[in-house]
Number of protein chains: 2
Amino acid sequence: MARGVWETPRVRTQKKQNSSRVTSWDVADLAGLSRSTVSQVLNGHGDRFNEETRNRVTAAAERLNYRPSRAGRALKTGVTDLIVVAVPNITFGRQLQDTVEQIASESARFGMSVFVRYAGSDPASTLAAILDMRPATVVNFRVFTAADLERIEAAGIRVIPSLDSSQDPAGIEISIGRLQARELLREPKRRLVYALLADTRLDLYGPDRATGAAEEAASRGARDPARVRVPLNREGAREALRPVFEKPEGPLGVCCYNDEVAAAVLSAARSFGLSVPDQVAVVGVDNTDVGQLITPRLTTIAVDLPALVRLLVAALEPGQDETGQRIQPESFITLVPGETS
Amino acid sequence: MARGVWETPRVRTQKKQNSSRVTSWDVADLAGLSRSTVSQVLNGHGDRFNEETRNRVTAAAERLNYRPSRAGRALKTGVTDLIVVAVPNITFGRQLQDTVEQIASESARFGMSVFVRYAGSDPASTLAAILDMRPATVVNFRVFTAADLERIEAAGIRVIPSLDSSQDPAGIEISIGRLQARELLREPKRRLVYALLADTRLDLYGPDRATGAAEEAASRGARDPARVRVPLNREGAREALRPVFEKPEGPLGVCCYNDEVAAAVLSAARSFGLSVPDQVAVVGVDNTDVGQLITPRLTTIAVDLPALVRLLVAALEPGQDETGQRIQPESFITLVPGETS
DNA sequence: GCCGGCCATTGACACGTGTTAAAACGTAGT
DNA sequence: ACTACGTTTTAACACGTGTCAATGGCCGGC
């Protein structure tokens with residue numbers, strides 16, 4: 001609204017040259033108030049002001065659809081409204097995207113924006129980028145070491161530890177390995193094998209899952225599972241599994257790092273003429289779509305990632321501190337029976 | 001440190017209170033120069049300075065390992081050193097991660113940091129987040145509409161259009177569809193079907209690829225391919241394909257949106273007792289690992305994404321303008337023969 | 001001897017914000 | 001009438017940076 005000529009012509013206290021960006025000066029001008037008032041009202045400290053003043057401010061801000069500058073705010077407060085999800089270069093498939101979307105929609109309630117950082121080649125550059133960017137929170141999916149995390153927190157950035165290592169380090173991964181082994185040790189006394197990814201960079205959870213399988217085997221008096229690194233192609237998988245598959249002594253049970261590895265193991269078993277699940281039984285992880293579409297249909301472990309993320313997001317609210325509640329890994333994983341075990 | 005009484009008392013021109021952050025004031029102090037000198041030297045405008053001065057500045061900056069504040073720089077220049085890759089909520093699998101990593105490592109040469117934004121639920125919030133964050137560049141993977149892009153560019157943010165829509169909109173996708181159809185129309189005159197994803201939100205490239213297949217069919221005098229939306233589970237796929245598979249009149253050729261859909265189609269064909277590739281031939285897209293591991297091994301289309309990204313990254317250099325060179329879509333895609341065609 | 005001109009360096013400003021201390025104002029109390 | 005006080009609003013500062021105009025020193029030339 002144009003202010004009448006008889007009103008006191010409230011001019012800016014400080015000069016400001018024209019620009020395309022809508023700043024809080026513009027809001028103050030339109031509202032006929034000072035910039036300081038605008039800032040205080042818009043930041044929730046408006047209870048000391050008259051109600052009509054507050055309304056004038058919010059109305060003006062709305063009309064100009066004013067968005068405070070991230071740079072200015074970050075410069076003053078030292079904090080941004082960013083959440084960075086640091087992810088290793090691993091094949092999360094759709095799960096990761098669902099997880100990120102869940103985090104994004106949940107944290108939108110706090111006015112946070114979520115971005116993903118793939119810490120692919122070198123984690124050092126990701127550390128530097130995060131320290132430079134100064135997000136409010138970093139969600140760490142096994143990208144940073146303890147020393148890195150210390151530096152990040154020293155910079156005043158909150159760290160949400162990885163799901164798996166939150167309270168009980170790698171508790172869920174171990175439980176997954178145990179469940180795989182338990183399924184394969186059910187009826188015939190199978191000799192266990194753990195099939196890991198050949199590309200160790202992608203094999204983030206492999207060691208923990210293999211440890212879980214080994215624990216389960218030990219508790220049942222079975223032999224320690226042999227560990228095999230399986231490439232994701234026909235010939236490579238065949239060669240990697242030749243020592244185990246060529247002259248099998250009794251039924252085998254192969255715990256696989258994920259459904260992709262399971263597909264490779266099935267391919268190798270087929271190439272050696274072994275029958276599934278009689279001579280070779282297979283259990284994957286992830287319950288992917290293709291795992292259920294191929295023949296034979298894969299026996300696999302489903303992880304209720306959304307439920308886990310819900311726990312994580314609960315600790316994401318700015319004011320809130322760590323929940324610290326201990327989770328039960330077993331309640332988040334389920335065996336999906338198929339035709340390979 | 002207490003400065004000696006006989007030295008020239010180089011005091012700060014402007015006062016500054018102690019803080020944990022290393023600022024350019026600290027560098028200037030240690031170098032015994034002015035902050036302005038520091039800034040100019042570190043920003044490449046140092047050719048006007050004495051060489052010894054430049055060395056003093058760089059040495060001091062190195063010693064304190066000074067990193068300029070993003071907020072301060074962004075506030076002054078209005079530009080950040082961020083690149084945001086906007087990605088739809090689609091299953092890119094490992095390709096996306098490789099692509100992002102490639103972009104990140106390439107653009108690290110320009111001192112840029114790459115972050116990914118999953119524009120999952122609502123693109124509007126992603127648009128707002130990007131306008132707020134003011135990155136230097138946005139790489140758009142079919143997230144934003146033309147109007148959105150206009151707003152982004154109006155804000156002074158560079159936009160690298162999606163690979164597929166860079167010069168010839170969807171040219172590559174159409175070529176993929178054509179190549180699929182060409183393979184399936186080779187020997188027996190098959191009736192073509194295009195199998196799309198049931199979840200239309202994920203089916204970004206489906207329409208374009210189906211168009212390509214239709215063009216190829218028309219150019220060969222074949223019937224227009226029927227379009228079927230296939231869910232990624234056994235029962236859903238079976239029901240979706242029942243009209244086509246139950247009473248097939250002659251050999252069928254199914255172009256699939258990707259290898260996952262191809263797996264679903266194979267599952268449905270098997271459930272109807274149809275032989276592959278005699279009664280039903282299938283061609284996927286993406287050349288995924290599992291597609292090559294399953295039986296029968298999938299015939300599929302490989303896209304040389306790294307090569308495409310290399311072109312994209314070439315246009316990413318800050319000073320450089322659009323290359324504008326027209327690409328040959330056919331030179332980036334290859335048919336990978338398998339056992340399903 | 002003084003002035004113009006060149007070189008190396010610096011002071012000052014602006015970017016947009018949040019917060020604190022102080023000012024303006026109206027009202028009641030002595 | 002003048003002061004003390006509570007309420008409402010504002011001026012001023014600081015955050016850290018990049019850039020432009022200006023300063024100081026130095027030399028040669030008239």
# chains A, B, ... in the order shown; residues from 1 in each chain; ligands from 1
>>> residues_around(residues="B:Pro337", least_positions_apart="2", cutoff="9 Å", atoms="only C-alpha atoms (C1' of nucleotides)", output="number ranges by chain")
B: 283, 297-301, 335, 339-341
>>> interface_residues(of="chain B", to="chain D", cutoff="12 Å", atoms="only C-alpha atoms (C1' of nucleotides)", output="PyMOL selection string")
chain B and resi 14-17+19+21-26+35-45+67-79
>>> closest_residue(among="C:DC15, C:DT20, C:DA8, C:DA28", to="chain A", atoms="only C-alpha atoms (C1' of nucleotides)")
C:DC15
>>> closest_atom_pairs(of="chain A", to="chain B", cutoff="8 Å", atoms="only C-alpha atoms", output="Markdown table")
| residue | atom | partner | partner_atom | distance |
| --- | --- | --- | --- | --- |
| A:Arg67 | CA | B:Asp132 | CA | 7.6 |
| A:Ser69 | CA | B:Asp132 | CA | 6.9 |
| A:Arg70 | CA | B:Asp132 | CA | 6.4 |
| A:Ala71 | CA | B:Ala71 | CA | 4.7 |
| A:Gly72 | CA | B:Leu75 | CA | 5.9 |
| A:Ala74 | CA | B:Ala71 | CA | 5.8 |
| A:Leu75 | CA | B:Ala71 | CA | 5.1 |
| A:Asn89 | CA | B:Gln97 | CA | 6.8 |
| A:Ile90 | CA | B:Arg94 | CA | 7.8 |
| A:Thr91 | CA | B:Arg94 | CA | 5.8 |
| A:Phe92 | CA | B:Gly93 | CA | 7.7 |
| A:Gly93 | CA | B:Gly93 | CA | 5.2 |
| A:Arg94 | CA | B:Thr91 | CA | 5.8 |
| A:Gln97 | CA | B:Asn89 | CA | 6.8 |
| A:Val100 | CA | B:Tyr118 | CA | 7.4 |
| A:Glu101 | CA | B:Gly120 | CA | 5.9 |
| A:Ser105 | CA | B:Ser121 | CA | 7.9 |
| A:Ser113 | CA | B:Ala129 | CA | 6.4 |
| A:Val114 | CA | B:Arg117 | CA | 7.3 |
| A:Phe115 | CA | B:Arg117 | CA | 5.1 |
| A:Val116 | CA | B:Val116 | CA | 4.8 |
| A:Arg117 | CA | B:Phe115 | CA | 5.1 |
| A:Tyr118 | CA | B:Glu101 | CA | 7.1 |
| A:Gly120 | CA | B:Glu101 | CA | 6.0 |
| A:Ser121 | CA | B:Glu101 | CA | 7.2 |
| A:Ala129 | CA | B:Ser113 | CA | 6.4 |
| A:Asp132 | CA | B:Arg70 | CA | 6.4 |
| A:Met133 | CA | B:Arg70 | CA | 6.5 |
| A:Leu232 | CA | B:Asp289 | CA | 6.0 |
| A:Asn233 | CA | B:Leu293 | CA | 6.4 |
| A:Arg234 | CA | B:Leu293 | CA | 6.0 |
| A:Glu260 | CA | B:Val290 | CA | 6.1 |
| A:Ala263 | CA | B:Leu293 | CA | 6.0 |
| A:Ala264 | CA | B:Leu293 | CA | 5.7 |
| A:Ser267 | CA | B:Leu293 | CA | 5.9 |
| A:Asp289 | CA | B:Leu232 | CA | 6.1 |
| A:Val290 | CA | B:Glu260 | CA | 6.1 |
| A:Gln292 | CA | B:Asn233 | CA | 7.0 |
| A:Leu293 | CA | B:Ala264 | CA | 5.7 |
| A:Ile294 | CA | B:Ala263 | CA | 6.5 |
| A:Thr295 | CA | B:Ser267 | CA | 7.6 |
>>> interface_residues(of="chain C", to="chain A", cutoff="8 Å", atoms="only C-alpha atoms (C1' of nucleotides)", output="PyMOL selection string")
chain C and resi 15-18
>>> residues_around(residues="stretch 205-216 of chain A", least_positions_apart="3", cutoff="10 Å", atoms="only C-alpha atoms (C1' of nucleotides)", output="ChimeraX atom specification")
/A:142,164,169-182,185,192-197,200,202,219-227,229,255-258
>>> write_last_selection(atoms="C-alpha atoms", output="mmCIF file, in the first residue's frame")
data_model
loop_
_atom_site.group_PDB
_atom_site.id
_atom_site.type_symbol
_atom_site.label_atom_id
_atom_site.label_comp_id
_atom_site.auth_asym_id
_atom_site.auth_seq_id
_atom_site.Cartn_x
_atom_site.Cartn_y
_atom_site.Cartn_z
ATOM 1 C CA ARG A 142 29.737 -44.838 7.583
ATOM 2 C CA ASP A 164 24.022 -49.302 12.242
ATOM 3 C CA PRO A 169 28.090 -50.583 16.476
ATOM 4 C CA ALA A 170 27.041 -52.676 13.532
ATOM 5 C CA GLY A 171 24.440 -54.442 15.659
ATOM 6 C CA ILE A 172 21.992 -54.715 12.843
ATOM 7 C CA GLU A 173 24.548 -55.987 10.386
ATOM 8 C CA ILE A 174 25.582 -58.729 12.782
ATOM 9 C CA SER A 175 21.968 -59.682 13.301
ATOM 10 C CA ILE A 176 21.501 -59.915 9.552
ATOM 11 C CA GLY A 177 24.423 -62.297 9.265
ATOM 12 C CA ARG A 178 23.098 -64.389 12.134
ATOM 13 C CA LEU A 179 19.659 -64.640 10.579
ATOM 14 C CA GLN A 180 21.116 -65.716 7.254
ATOM 15 C CA ALA A 181 23.173 -68.431 8.925
ATOM 16 C CA ARG A 182 20.263 -69.574 11.070
ATOM 17 C CA LEU A 185 21.638 -74.234 9.211
ATOM 18 C CA LEU A 192 28.488 -72.330 5.345
ATOM 19 C CA VAL A 193 30.145 -69.892 2.959
ATOM 20 C CA TYR A 194 29.957 -66.121 3.144
ATOM 21 C CA ALA A 195 29.964 -64.462 -0.283
ATOM 22 C CA LEU A 196 31.277 -60.908 -0.105
ATOM 23 C CA LEU A 197 31.570 -58.326 -2.817
ATOM 24 C CA THR A 200 35.950 -53.997 -1.235
ATOM 25 C CA LEU A 202 31.464 -51.246 -1.934
ATOM 26 C CA SER A 219 26.836 -71.117 18.615
ATOM 27 C CA ARG A 220 25.443 -74.088 16.695
ATOM 28 C CA GLY A 221 28.666 -76.010 16.572
ATOM 29 C CA ALA A 222 29.108 -75.586 12.829
ATOM 30 C CA ARG A 223 32.364 -74.876 11.082
ATOM 31 C CA ASP A 224 33.474 -71.324 10.580
ATOM 32 C CA PRO A 225 32.151 -70.020 7.255
ATOM 33 C CA ALA A 226 34.667 -69.608 4.457
ATOM 34 C CA ARG A 227 34.729 -66.117 3.015
ATOM 35 C CA ARG A 229 34.868 -62.447 -2.693
ATOM 36 C CA CYS A 255 25.137 -66.306 2.843
ATOM 37 C CA CYS A 256 25.340 -63.477 0.337
ATOM 38 C CA TYR A 257 26.186 -59.877 0.964
ATOM 39 C CA ASN A 258 23.122 -58.785 -0.962
#
>>> select_by_dssp(residues="stretch 23-195 of chain B", states="helix (DSSP H, G or I)", output="ChimeraX atom specification")
/B:24-31,35-42,46-48,51-63,70-77,94-110,123-133,146-154,171-184
>>> write_last_selection(atoms="C-alpha atoms", output="JSON list (two decimals), in the first residue's frame")
[["chain", "number", "residue", "atom", "x", "y", "z"],
["B", 24, "SER", "CA", 41.73, -13.43, 6.73],
["B", 25, "TRP", "CA", 42.55, -10.99, 9.54],
["B", 26, "ASP", "CA", 44.65, -13.67, 11.18],
["B", 27, "VAL", "CA", 46.47, -14.35, 7.94],
["B", 28, "ALA", "CA", 47.11, -10.65, 7.49],
["B", 29, "ASP", "CA", 48.44, -10.37, 11.03],
["B", 30, "LEU", "CA", 50.79, -13.29, 10.64],
["B", 31, "ALA", "CA", 52.04, -12.02, 7.30],
["B", 35, "ARG", "CA", 43.76, -7.96, 5.02],
["B", 36, "SER", "CA", 43.06, -6.41, 1.67],
["B", 37, "THR", "CA", 46.38, -7.62, 0.38],
["B", 38, "VAL", "CA", 45.63, -11.08, 1.62],
["B", 39, "SER", "CA", 42.30, -11.18, -0.11],
["B", 40, "GLN", "CA", 43.66, -9.97, -3.40],
["B", 41, "VAL", "CA", 46.59, -12.35, -3.43],
["B", 42, "LEU", "CA", 44.47, -15.33, -2.54],
["B", 46, "GLY", "CA", 48.17, -10.91, -6.92],
["B", 47, "ASP", "CA", 50.09, -10.06, -10.06],
["B", 48, "ARG", "CA", 50.16, -6.44, -9.01],
["B", 51, "GLU", "CA", 56.61, -11.53, -5.22],
["B", 52, "GLU", "CA", 57.88, -11.61, -1.67],
["B", 53, "THR", "CA", 54.56, -10.24, -0.50],
["B", 54, "ARG", "CA", 52.71, -12.94, -2.31],
["B", 55, "ASN", "CA", 54.89, -15.60, -0.75],
["B", 56, "ARG", "CA", 54.37, -14.17, 2.70],
["B", 57, "VAL", "CA", 50.62, -14.30, 2.23],
["B", 58, "THR", "CA", 50.47, -17.80, 0.89],
["B", 59, "ALA", "CA", 52.84, -19.04, 3.55],
["B", 60, "ALA", "CA", 50.79, -17.51, 6.33],
["B", 61, "ALA", "CA", 47.57, -18.87, 4.87],
["B", 62, "GLU", "CA", 49.14, -22.26, 4.60],
["B", 63, "ARG", "CA", 50.45, -22.19, 8.14],
["B", 70, "ARG", "CA", 31.68, -19.61, 2.47],
["B", 71, "ALA", "CA", 29.12, -17.38, 4.09],
["B", 72, "GLY", "CA", 31.25, -14.28, 3.91],
["B", 73, "ARG", "CA", 32.25, -14.91, 0.35],
["B", 74, "ALA", "CA", 28.75, -15.77, -0.73],
["B", 75, "LEU", "CA", 27.41, -12.68, 0.96],
["B", 76, "LYS", "CA", 29.85, -10.46, -0.86],
["B", 77, "THR", "CA", 29.93, -12.05, -4.27],
["B", 94, "ARG", "CA", 24.87, -47.36, -9.53],
["B", 95, "GLN", "CA", 24.94, -45.28, -12.68],
["B", 96, "LEU", "CA", 23.88, -42.20, -10.81],
["B", 97, "GLN", "CA", 26.54, -42.62, -8.21],
["B", 98, "ASP", "CA", 29.21, -43.08, -10.82],
["B", 99, "THR", "CA", 27.92, -40.06, -12.67],
["B", 100, "VAL", "CA", 27.94, -37.92, -9.58],
["B", 101, "GLU", "CA", 31.38, -39.07, -8.66],
["B", 102, "GLN", "CA", 32.60, -38.23, -12.11],
["B", 103, "ILE", "CA", 31.10, -34.77, -11.93],
["B", 104, "ALA", "CA", 32.57, -34.28, -8.50],
["B", 105, "SER", "CA", 36.09, -35.27, -9.42],
["B", 106, "GLU", "CA", 36.03, -33.27, -12.62],
["B", 107, "SER", "CA", 34.69, -30.14, -11.03],
["B", 108, "ALA", "CA", 37.08, -30.40, -8.12],
["B", 109, "ARG", "CA", 39.59, -28.91, -10.52],
["B", 110, "PHE", "CA", 37.60, -25.70, -10.41],
["B", 123, "PRO", "CA", 9.89, -30.41, -6.83],
["B", 124, "ALA", "CA", 8.67, -27.08, -5.45],
["B", 125, "SER", "CA", 10.63, -27.44, -2.25],
["B", 126, "THR", "CA", 13.69, -28.37, -4.23],
["B", 127, "LEU", "CA", 13.29, -25.28, -6.33],
["B", 128, "ALA", "CA", 13.02, -23.15, -3.21],
["B", 129, "ALA", "CA", 16.01, -24.83, -1.62],
["B", 130, "ILE", "CA", 18.12, -24.20, -4.68],
["B", 131, "LEU", "CA", 17.06, -20.60, -5.00],
["B", 132, "ASP", "CA", 17.93, -20.11, -1.34],
["B", 133, "MET", "CA", 21.25, -21.85, -1.52],
["B", 146, "ALA", "CA", 11.19, -24.91, -18.38],
["B", 147, "ALA", "CA", 9.53, -22.29, -16.21],
["B", 148, "ASP", "CA", 11.50, -23.45, -13.19],
["B", 149, "LEU", "CA", 14.72, -23.30, -15.15],
["B", 150, "GLU", "CA", 13.93, -19.79, -16.24],
["B", 151, "ARG", "CA", 13.52, -18.71, -12.64],
["B", 152, "ILE", "CA", 16.76, -20.39, -11.68],
["B", 153, "GLU", "CA", 18.67, -18.72, -14.44],
["B", 154, "ALA", "CA", 17.05, -15.41, -13.61],
["B", 171, "GLY", "CA", 17.27, -37.68, -28.49],
["B", 172, "ILE", "CA", 19.13, -40.42, -26.73],
["B", 173, "GLU", "CA", 16.00, -41.92, -25.26],
["B", 174, "ILE", "CA", 14.39, -42.09, -28.66],
["B", 175, "SER", "CA", 17.49, -43.74, -30.07],
["B", 176, "ILE", "CA", 17.37, -46.31, -27.30],
["B", 177, "GLY", "CA", 13.79, -47.18, -28.17],
["B", 178, "ARG", "CA", 14.66, -47.43, -31.84],
["B", 179, "LEU", "CA", 17.57, -49.74, -31.17],
["B", 180, "GLN", "CA", 15.42, -52.00, -29.01],
["B", 181, "ALA", "CA", 12.77, -52.24, -31.71],
["B", 182, "ARG", "CA", 15.35, -52.81, -34.44],
["B", 183, "GLU", "CA", 16.77, -55.78, -32.57],
["B", 184, "LEU", "CA", 13.36, -57.31, -32.00]]
>>> atom_distance(atom1="atom CA of A:Val282", atom2="atom CA of A:Ala218")
19.3 Å
>>> closest_residue(among="B:Ser331, B:Asn140, B:Ser34, B:Asn50", to="C:DC7", atoms="only C-alpha atoms (C1' of nucleotides)")
B:Asn50
>>> select_by_dssp(residues="stretch 218-259 of chain B", states="strand (DSSP E)", output="PyMOL selection string")
chain B and resi 226-230+252-256
